[in-house]
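> Please see the structure below; I have some questions.
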Amino acid sequence: MTAVDDRPATPAEAPRRRPNPLLALLRNSWRQLTSMRTALVLLFLLAIAAIPGSVLPQRGVNPEDVRDFYTANPDLAPLLDRVGAFEAFSSVWFSAIYLLLFTSLIGCITPRLRDHVRALRARPPAVPKRLERLPQHAVVPAPEGGAAAVVETLRRRRWRVTVRGDEVSAEKGYLKETGNLIFHSSMVLVLVGVALGSWYGWHGNRLLVAGADQVFCNTRQQYAEAKLGPRVGDNLPRFCMQLDEFDARFLETGQPAFYNAKVTVDEDGGAPRAEEFSVNSPLRLDGANVYLLGHGYAPVIRYTDRFGRSQTSAVPFLSTGDIGLTSEGLAAFPDANVDPETGERNPDLQMAFDGLYLPTAPQDPPGDRSEYPTERNPLLGLIAYRGNLGLDGGIPGSVYQLDQRQVRNGRLTEIGARELRIGESWTLDDGTTVEFLGTRPFITLSVRHDPGMTLLLVSSIGLVLGLMGSLFVRRRRVFVRLLPAAPGDPDGGSPTGGSSLVEVAGLPRTEHPGFAAEFAQLVTAIGGRSGDAGTDPGAPARAREGAE
């Protein structure tokens with residue numbers, strides 16, 4: 001008879017489920033986004049994206065420069081404005097790179113942090129069987145005390161040690177990965193700090209002239225330039241400030257050596273108090289810091305109109321940029337020549353004086369540049385204009401410059417020019433007079449609040465410390481095995497309990513040129529005397545020094 005093998009057939013494998021393509025795409029995209037290579041590329045793109053904000057004028061910093069750029073480049077400026085080049089740091093493309101970099105760094109740090117914590121809690125690995133295959137290897141006499149002495153030597157040198165019988169494993173250099181994590185975490189904190197400053201920070205610039213009639217209160221309307229974050233309302237910190245004195249000292253070359261401003265501050269309705277601050281020592285207030293940027297002069301000009309009514313102007317004259325602090329400005333009197341009987345103002349009788357102020361005028365002509373920034377020989381040059389200043393048209397303009405359009409269309413007429421020294425006056429053709437009474441100092445202030453400043457400082461320190469740890473620390477391992485004494489060995493009765501030799505091997509986890517010297521010092525410390533590494537006469541091949 002024929003026997004029939006009635007074994008059951010092997011069941012067929014179940015068909016593999018086809019992965020969801022959408023989930024696979026999302027998973028692969030996340031892996032690419034959270035890779036270190038992508039993070040470096042995004043960081044490079046962020047640096048490139050910041051170039052337009054540094055090269056081109058920005059509306060949030062100086063809108064007048066943006067208008068000048070439009071005037072100088074009428075074809076290019078609209079194209080740049082369309083892509084947000086004049087608001088680079090708040091543009092869509094800059095924000096997209098910023099958020100992608102933030103997400104990428106978070107995705108890179110999280111798994112590495114988890115692995116690093118696991119490595120810190122784990123014991124050093126077991127001793128390999130073939131220690132002679134490791135890059136560094138030596139056999140030395142066993143120290144007194146055996147494994148306990150080896151452990152003590154390693155721990156004294158700050159190695160993490162694990163003992164398994166007659167074998168000792170040690171590891172060192174975890175600070176390298178800790179430094180990497182601190183560095184990348186600090187980069188995330190830098191991004192968070194910048195975001196906090198952008199959302200909740202604000203700043204404003206203005207000129208403050210000395211005198212009780214020139215008090216500045218912290219409202220948006222009193223700033224010449226102001227930028228508030230999108231999360232900042234109109235309720236700015238309440239304080240008022242009056243400039244009492246200003247001390248400026250210069251070198252003989254004209255370079256500034258010392259600025260110091262003395263002010264009276266009334267903070268949030270409290271009692272007025274005296275404060276002073278300088279360039280490198282800002283005024284710290286509750287919710288704002290006041291920085292001193294520069295100074296200048298505001299000529300005090302008094303104009304007496306044809307009805308005998310006097311008006312005084314103390315408008316700052318802005319520096320032309322030379323070292324002698326030559327300044328240009330405008331003293332406008334739009335309410336001059338108002339008929340006291342009818343109270344009517346004739347707009348064609350408004351007055352303005354375009355001026356050039358020299359703190360130290362040269363003795364010899366031409367006298368168009370100041371020789372020194374302090375007032376050694378002050379001289380004020382004025383050009384008088386009469387007519388319609390164009391202030392009632394509703395067109396924005398500068399209070400420091402005359403509207404030249406009014407001059408070109410004939411609404412303003414030049415009626416003369418004169419140079420005045422302090423105390424001198426000038427009688428115009430209609431009997432009105434203008435007097436140069438002196439000057440008042442003014443200072444340029446920048447008032448700022450940045451809630452992310454402290455976080456940026458801490459994260460910057462973390463960047464430096466983390467970078468130093470990741471660059472200068474190397475992770476390495478050392479393995480020690482106590483060898484049994486050979487038969488007939490005269491040292492067989494050594495205090496090591498039957499061991500007269502120890503086998504030591506080292507393994508750097510990364511490129512470490514100095515590991516060979518460190519390993520030699522460690523072997524000497526374990527052996528108890530220098531020159532013993534590799535002196536085993538019975539096994540000369542065991543003592544060797546491999547490639548680093």
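Order determines the names: the first chain of the structure tokens is A, the second B, and so forth; residues in each chain are numbered 1 upward, and ligands are numbered 1 upward as they are shown.
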Please identify all polymer residues within 10 Å of region 168-175 of chain A, counting only C-alpha atoms, omitting same-chain residues fewer than 4 positions from it, and present them as a ChimeraX atom specification.
/A:116,119-120,123-128,147-148,150-151,154-155,157-164,179-182,466,468-470,472-482,504-509
> Considering only C-alpha atoms, give me a table of residues in region 382-487 of chain A that are at most 12 Å from region 257-267 of chain A, with the closest atom pair and distance in Å for each, as JSON lines.

```
{"residue": "A:Pro441", "atom": "CA", "partner": "A:Ala261", "partner_atom": "CA", "distance": 10.1}
{"residue": "A:Phe442", "atom": "CA", "partner": "A:Ala261", "partner_atom": "CA", "distance": 9.7}
{"residue": "A:Ile443", "atom": "CA", "partner": "A:Ala261", "partner_atom": "CA", "distance": 8.1}
{"residue": "A:Thr444", "atom": "CA", "partner": "A:Ala261", "partner_atom": "CA", "distance": 10.7}
{"residue": "A:Leu445", "atom": "CA", "partner": "A:Ala261", "partner_atom": "CA", "distance": 10.6}
```
> Take the residues from that selection and write them out as a tab-separated table (two decimals), in the first residue's frame, keeping N, CA and C atoms.

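So the final result, stored in part_29.tsv, reads:
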```tsv
chain	number	residue	atom	x	y	z
A	441	PRO	N	19.52	123.18	24.56
A	441	PRO	CA	19.95	121.85	24.11
A	441	PRO	C	18.73	120.94	23.92
A	442	PHE	N	18.85	120.03	23.00
A	442	PHE	CA	17.85	118.97	22.86
A	442	PHE	C	18.57	117.64	22.76
A	443	ILE	N	17.87	116.58	23.12
A	443	ILE	CA	18.44	115.24	23.07
A	443	ILE	C	17.54	114.34	22.22
A	444	THR	N	18.16	113.36	21.60
A	444	THR	CA	17.43	112.36	20.82
A	444	THR	C	17.20	111.15	21.71
A	445	LEU	N	15.93	110.79	21.88
A	445	LEU	CA	15.55	109.70	22.78
A	445	LEU	C	14.99	108.54	21.97
```
> Running DSSP on the backbone, which parts of region 95-260 of chain A land in strand (DSSP E or B), as a ChimeraX atom specification?
/A:136-141,160-164,167-172,202-209,216-217,225-228,239-250,256-260
> Could you tell me how far CA of Phe86 (chain A) lies from CA of Gln58 (chain A), in Å and to one decimal?
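Taking CA of Phe86 (chain A) and CA of Gln58 (chain A), their separation equals 4.7 Å.
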